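Enquirer: What follows is model_19.txt, compact mmCIF, C-alpha atoms.
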```
# COMPACT_ATOMS: atom_id res chain seq x y z
CA LEU K 1 0.00 0.00 0.00
CA LYS K 2 1.38 3.39 -1.06
CA LEU K 3 0.41 6.57 0.75
CA PHE K 4 -2.01 8.82 -1.19
CA GLU K 5 -2.14 6.39 -4.10
CA SER K 6 -4.63 3.84 -5.37
CA CYS K 7 -3.15 0.41 -6.06
CA LYS K 8 -4.38 0.09 -9.64
CA GLY K 9 -5.38 -3.42 -10.68
CA SER K 10 -4.92 -4.78 -7.13
CA VAL K 11 -7.34 -6.21 -4.57
CA LEU K 12 -6.84 -6.11 -0.81
CA ARG K 13 -8.28 -9.22 0.82
CA GLY K 14 -8.63 -9.62 4.53
CA THR K 15 -10.77 -10.51 7.55
CA ILE K 16 -12.56 -8.03 9.79
CA ILE K 17 -11.06 -8.30 13.27
CA ALA K 18 -12.79 -5.47 15.19
CA LEU K 19 -16.29 -4.25 15.95
CA PRO K 20 -17.06 -1.42 13.48
CA ALA K 21 -17.50 2.11 14.82
CA VAL K 22 -20.28 3.97 13.00
CA ALA K 23 -20.34 7.76 12.64
CA THR K 24 -20.35 9.69 9.34
CA GLY K 25 -18.47 6.72 7.98
CA ILE K 26 -17.50 3.30 9.29
CA THR K 27 -14.16 2.60 10.93
CA THR K 28 -12.85 -0.90 11.57
CA PHE K 29 -9.74 -3.05 11.12
CA LEU K 30 -8.96 -6.02 8.93
CA GLN K 31 -6.09 -8.46 8.83
CA ASP K 32 -4.88 -9.25 5.33
CA ASP K 33 -3.74 -12.63 4.06
CA SER K 34 -0.15 -11.82 5.12
CA GLY K 35 -1.15 -11.08 8.71
CA VAL K 36 -0.82 -7.29 8.35
CA ILE K 37 -3.49 -5.28 10.20
CA VAL K 38 -5.03 -2.47 8.15
CA ARG K 39 -7.37 0.27 9.33
CA ILE K 40 -10.25 0.98 6.94
CA GLY K 41 -12.65 3.90 6.62
CA LEU K 42 -15.76 2.97 4.66
CA TYR K 43 -18.27 5.57 3.43
CA ASN K 44 -21.67 5.40 1.70
CA PHE K 45 -22.11 1.80 2.83
CA VAL K 46 -25.43 2.15 4.68
CA PRO K 47 -28.36 2.20 2.20
CA GLY K 48 -31.17 4.72 2.35
CA LYS K 49 -31.86 6.94 5.35
CA MET K 50 -31.42 5.33 8.75
CA ASN K 51 -31.05 6.75 12.21
CA ARG K 52 -27.79 6.15 14.08
CA LEU K 53 -29.10 3.14 16.00
CA ASP K 54 -30.41 1.35 12.89
CA SER K 55 -27.24 2.21 10.96
CA THR K 56 -25.08 0.70 13.68
CA GLU K 57 -27.22 -2.46 13.77
CA TYR K 58 -27.06 -2.80 9.97
CA VAL K 59 -23.28 -2.34 9.84
CA ARG K 60 -22.51 -4.67 12.72
CA ASN K 61 -24.72 -7.38 11.24
CA ARG K 62 -22.96 -7.11 7.89
CA LEU K 63 -19.39 -6.59 9.14
CA ARG K 64 -19.04 -8.97 12.06
CA SER K 65 -15.60 -9.97 13.30
CA GLY K 66 -14.41 -12.80 11.07
CA THR K 67 -16.14 -11.48 7.93
CA LYS K 68 -13.94 -11.80 4.85
CA VAL K 69 -13.87 -8.77 2.55
CA GLU K 70 -12.20 -7.54 -0.63
CA ILE K 71 -11.27 -3.93 -1.48
CA ALA K 72 -10.61 -3.08 -5.12
CA GLU K 73 -7.70 -0.72 -5.86
CA PRO K 74 -7.28 0.34 -2.20
CA PHE K 75 -6.42 4.01 -1.56
CA THR K 76 -4.15 4.75 1.44
CA LYS K 77 -4.41 8.04 3.34
CA ILE K 78 -3.67 9.56 6.73
CA PHE K 79 -6.72 9.75 8.98
CA PHE K 80 -7.56 12.68 11.31
CA ASP K 81 -5.71 11.06 14.22
CA GLY K 82 -2.49 10.77 12.22
CA ASN K 83 -2.68 7.03 11.53
CA ARG K 84 -2.62 5.48 8.09
CA GLY K 85 -5.42 3.43 6.63
CA VAL K 86 -7.45 2.62 3.55
CA ARG K 87 -10.41 4.82 2.65
CA ILE K 88 -13.30 3.54 0.50
CA ASP K 89 -15.81 6.11 -0.80
CA ASP K 90 -17.43 3.95 -3.47
CA PRO K 91 -19.15 0.90 -1.87
CA ARG K 92 -18.87 -0.91 -5.23
CA GLU K 93 -15.15 -1.21 -4.49
CA PHE K 94 -15.90 -3.05 -1.24
CA ARG K 95 -17.16 -6.63 -1.41
CA ILE K 96 -18.16 -9.00 1.36
CA GLU K 97 -17.23 -12.61 0.65
CA GLU K 98 -20.37 -14.55 1.49
CA GLY K 99 -19.59 -18.14 2.23
CA HIS K 100 -22.31 -20.06 4.05
CA SER K 101 -25.73 -21.25 2.88
CA SER K 102 -27.24 -20.22 6.21
CA ASP K 103 -26.34 -16.61 5.33
CA LEU K 104 -29.14 -16.57 2.75
CA ALA K 105 -31.75 -17.38 5.40
CA SER K 106 -30.20 -14.72 7.61
CA ALA K 107 -30.30 -12.19 4.77
CA ARG K 108 -33.96 -13.04 4.19
CA HIS K 109 -34.91 -12.53 7.83
CA LYS K 110 -32.92 -9.29 8.07
CA GLY K 111 -34.53 -8.06 4.88
CA ASN K 112 -37.95 -8.84 6.32
CA ASP K 113 -37.10 -6.89 9.47
CA PHE K 114 -35.99 -3.87 7.44
CA PHE K 115 -39.15 -4.12 5.35
CA ARG K 116 -41.36 -4.11 8.45
CA LYS K 117 -39.54 -0.97 9.59
CA LYS K 118 -40.25 0.56 6.15
CA GLN K 119 -36.51 0.74 5.44
CA PHE K 120 -37.07 -0.51 1.93
CA GLN K 121 -33.65 0.25 0.45
CA ALA K 122 -31.97 -1.63 3.29
CA ALA K 123 -34.36 -4.54 2.68
CA VAL K 124 -33.40 -4.60 -1.02
CA GLU K 125 -29.71 -4.58 -0.10
CA SER K 126 -30.17 -7.43 2.36
CA TYR K 127 -32.17 -9.62 -0.04
CA THR K 128 -29.72 -8.96 -2.87
CA SER K 129 -26.65 -9.74 -0.74
CA GLY K 130 -28.20 -13.11 0.11
CA LEU K 131 -29.10 -13.93 -3.49
CA GLN K 132 -25.62 -13.05 -4.73
CA GLN K 133 -24.26 -16.06 -2.84
CA GLU K 134 -26.16 -18.36 -5.19
CA SER K 135 -23.85 -18.38 -8.23
CA LEU K 136 -25.92 -20.82 -10.31
CA ILE K 137 -29.32 -19.16 -9.82
CA PRO K 138 -28.69 -16.11 -12.07
CA THR K 139 -27.23 -18.42 -14.74
CA LEU K 140 -30.28 -20.70 -14.66
CA LEU K 141 -32.61 -17.71 -14.87
CA SER K 142 -30.65 -16.16 -17.74
CA ASN K 143 -30.50 -19.42 -19.67
CA ARG K 144 -34.21 -20.00 -19.18
CA ALA K 145 -34.85 -16.43 -20.33
CA GLN K 146 -33.11 -17.18 -23.63
CA ALA K 147 -35.12 -20.37 -24.08
CA PHE K 148 -38.34 -18.41 -23.51
CA ILE K 149 -37.15 -15.78 -25.99
CA ASN K 150 -36.47 -18.43 -28.63
CA LEU K 151 -40.07 -19.60 -28.17
CA GLU K 152 -41.20 -15.96 -28.44
CA ARG K 153 -42.55 -16.09 -24.90
CA TRP K 154 -41.32 -12.55 -24.44
CA ALA K 155 -42.91 -11.68 -21.09
CA ASP K 156 -41.58 -14.87 -19.46
CA GLY K 157 -38.14 -14.16 -20.91
CA LEU K 158 -38.25 -10.59 -19.62
CA ALA K 159 -39.21 -11.71 -16.11
CA ASP K 160 -36.36 -14.23 -15.92
CA ALA K 161 -33.78 -11.85 -17.38
CA ALA K 162 -34.84 -9.11 -14.95
CA ALA K 163 -34.58 -11.49 -11.98
CA SER K 164 -31.13 -12.63 -13.12
CA LEU K 165 -29.91 -9.03 -13.50
CA THR K 166 -31.11 -8.25 -9.97
CA ILE K 167 -28.64 -10.84 -8.67
CA ARG K 168 -25.86 -10.33 -11.24
CA PRO K 169 -26.28 -6.85 -12.74
CA GLY K 170 -23.02 -6.80 -14.68
CA CYS K 171 -23.80 -9.65 -17.10
CA GLU K 172 -23.82 -8.25 -20.66
CA LYS K 173 -25.38 -11.39 -22.14
CA THR K 174 -28.33 -11.25 -19.77
CA LEU K 175 -28.71 -7.52 -20.33
CA HIS K 176 -28.98 -8.15 -24.08
CA ARG K 177 -31.70 -10.73 -23.44
CA TYR K 178 -33.53 -8.32 -21.16
CA GLN K 179 -33.41 -5.56 -23.78
CA LYS K 180 -34.58 -7.85 -26.56
CA ALA K 181 -37.51 -9.18 -24.51
CA THR K 182 -38.44 -5.68 -23.32
CA LYS K 183 -38.60 -4.42 -26.90
CA GLN K 184 -40.97 -7.23 -27.90
CA VAL K 185 -43.17 -6.86 -24.81
CA LEU K 186 -43.54 -3.14 -25.44
CA ALA K 187 -44.44 -3.86 -29.05
CA GLN K 188 -47.19 -6.23 -27.89
CA GLN K 189 -48.71 -3.83 -25.37
CA GLU K 190 -50.98 -2.15 -27.87
CA GLN K 191 -52.57 -5.49 -28.74
CA SER K 192 -52.86 -6.93 -25.24
CA LYS K 193 -51.66 -4.31 -22.79
CA SER K 194 -53.17 -5.59 -19.55
CA ALA K 195 -52.24 -9.24 -20.16
CA ALA K 196 -48.64 -8.43 -21.10
CA LEU K 197 -48.10 -6.21 -18.09
CA ARG K 198 -49.68 -8.72 -15.71
CA VAL K 199 -47.22 -11.44 -16.75
CA VAL K 200 -44.22 -9.10 -16.57
CA LEU K 201 -45.06 -7.78 -13.12
CA GLU K 202 -45.75 -11.14 -11.53
CA PRO K 203 -42.81 -13.36 -10.46
CA ASN K 204 -42.11 -16.07 -13.00
CA SER K 205 -43.24 -19.59 -12.19
CA TRP K 206 -40.88 -21.76 -10.19
CA HIS K 207 -42.68 -24.86 -11.30
CA SER K 208 -44.39 -26.35 -14.30
CA PRO K 209 -47.12 -29.02 -14.61
CA GLU K 210 -44.43 -31.54 -15.54
CA VAL K 211 -42.26 -30.77 -12.49
CA THR K 212 -43.70 -31.63 -9.08
CA THR K 213 -40.74 -32.60 -6.91
CA PRO K 214 -37.11 -31.50 -6.68
CA SER K 215 -34.68 -33.56 -8.69
CA PRO K 216 -32.00 -35.51 -6.82
CA HIS K 217 -29.45 -34.37 -9.41
CA SER K 218 -27.11 -31.50 -8.65
CA LEU K 219 -27.96 -28.05 -9.91
CA GLU K 220 -24.80 -28.06 -12.02
CA GLN K 221 -25.81 -31.31 -13.73
CA LEU K 222 -29.32 -29.99 -14.37
CA LYS K 223 -27.90 -26.80 -15.81
CA ASN K 224 -25.71 -28.82 -18.17
CA GLU K 225 -28.68 -30.97 -19.21
CA GLY K 226 -30.68 -27.84 -19.92
CA ASN K 227 -27.80 -26.39 -21.94
CA GLU K 228 -27.61 -29.58 -23.99
CA ALA K 229 -31.34 -29.47 -24.72
CA PHE K 230 -30.96 -25.84 -25.72
CA LYS K 231 -28.13 -26.66 -28.14
CA ASN K 232 -30.42 -29.28 -29.71
CA ARG K 233 -33.11 -26.57 -30.05
CA ASP K 234 -35.41 -28.45 -27.71
CA TYR K 235 -36.38 -25.26 -25.90
CA GLU K 236 -39.37 -26.72 -24.06
CA ARG K 237 -37.13 -29.41 -22.59
CA ALA K 238 -34.49 -26.81 -21.71
CA ILE K 239 -37.10 -24.71 -19.88
CA GLU K 240 -38.36 -27.78 -18.01
CA THR K 241 -34.83 -28.73 -16.93
CA TYR K 242 -33.87 -25.20 -15.84
CA THR K 243 -37.15 -25.01 -13.90
CA THR K 244 -36.38 -28.33 -12.19
CA ALA K 245 -33.02 -26.92 -11.11
CA LEU K 246 -34.65 -23.77 -9.75
CA LEU K 247 -37.24 -25.87 -7.93
CA ALA K 248 -34.45 -27.96 -6.38
CA SER K 249 -32.63 -24.87 -5.09
CA ASP K 250 -32.73 -23.60 -1.51
CA GLY K 251 -36.26 -22.62 -0.48
CA ASN K 252 -34.90 -19.31 0.76
CA VAL K 253 -33.84 -18.46 -2.80
CA ARG K 254 -37.41 -18.82 -4.01
CA ALA K 255 -38.78 -16.89 -1.06
CA VAL K 256 -36.36 -13.97 -1.50
CA LEU K 257 -36.87 -13.78 -5.28
```
Would you encode the structure as structure tokens?
Expert:
Amino acid sequence: LKLFESCKGSVLRGTIIALPAVATGITTFLQDDSGVIVRIGLYNFVPGKMNRLDSTEYVRNRLRSGTKVEIAEPFTKIFFDGNRGVRIDDPREFRIEEGHSSDLASARHKGNDFFRKKQFQAAVESYTSGLQQESLIPTLLSNRAQAFINLERWADGLADAAASLTIRPGCEKTLHRYQKATKQVLAQQEQSKSAALRVVLEPNSWHSPEVTTPSPHSLEQLKNEGNEAFKNRDYERAIETYTTALLASDGNVRAVL
């Protein structure tokens, strides 16, 4: 780490080792993979408008001691007390490494608590952080979106692409599918406006008449089977297989989506 410079192209990885202090920003300490202790000042991390008590609860739930984090291109500065540390102003440069399936259930319950308190932005952040742990779910949704698009089931394709982008917003392929489906849905609105909008605004089905119980196969295997059906242009079969995989996923995934 170089004083007053960003480490371009580098990522600082470490583990939170102290209880965060919450004021205008967040101050805590992490220990990097080499054992070096680094002070960090994190700003713009708390979503929406919260009072000090709720902000502190939110931060301490997200940044418990032992939480593994990554900081992209860390910038080193001297803090007001004369000590060095890393300052993060853009929360997109700060990533929490989620690692346990139970974290999704926790994210769901925390999101529900924020929702009940009408802290809707915090609820969105909590739900999204939980869903982002499920690496296969956005892929399954995106793949199923393309299968729907190939069958010209535009509203279904739009719903799946939108759900996938909520979890993995940076995927260009999914964004292209979303834009293509959106264009077609808008074109259909004049003919059947209420029906098209109803399908788009309702969550897409997690089941089909042919799928009644979760498959014992792994999600990865089901994804590959769906991809194979897609390559053979058997889009109905691909949709059925992707849906089976989604049905076999953690119940908390379905509840949060």
Enquirer: Kindly indicate which residue among K:Val69, K:Val124, K:Ala229, K:Leu30 lies nearest to Asn112 of chain K, using only C-alpha atoms for the distances.
Expert: K:Val124
Enquirer: Rank nothing, just name the residue among K:Ala18, K:Ala107, K:Leu222, K:Ile71 nearest to Phe94 of chain K, using only C-alpha atoms.
Expert: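 The shortest atom-to-atom distance to Phe94 of chain K comes from K:Ile71.
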Enquirer: Expressed in Å to a single decimal, how great is the separation between atom CA of Phe75 of chain K and atom CA of Thr28 of chain K?
Expert: 15.4 Å
Enquirer: Between atom CA of Ile16 of chain K and atom CA of Lys68 of chain K, what is the distance in Å, rounded to a tenth?
Expert: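 Between these atoms lies a distance of 6.4 Å.
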Enquirer: Tell me, as number ranges by chain, which residues lie within 9 Å of segment 170-175 of chain K, counting all atoms listed in the file; anything in the same chain fewer than 2 positions away does not count.
Expert: K: 139, 142-143, 145-146, 161-162, 164-165, 168, 177-180
Enquirer: Give me, as a JSON list (two decimals) with C-alpha atoms, in the coordinates of the input, all polymer residues having an atom no more than 7 Å from segment 54-64 of chain K, counting only C-alpha atoms and skipping those fewer than 6 positions away in the same chain.
Expert:
```
[["chain", "number", "residue", "atom", "x", "y", "z"],
["K", 16, "ILE", "CA", -12.56, -8.03, 9.79],
["K", 19, "LEU", "CA", -16.29, -4.25, 15.95],
["K", 20, "PRO", "CA", -17.06, -1.42, 13.48],
["K", 22, "VAL", "CA", -20.28, 3.97, 13.00],
["K", 46, "VAL", "CA", -25.43, 2.15, 4.68]]
```
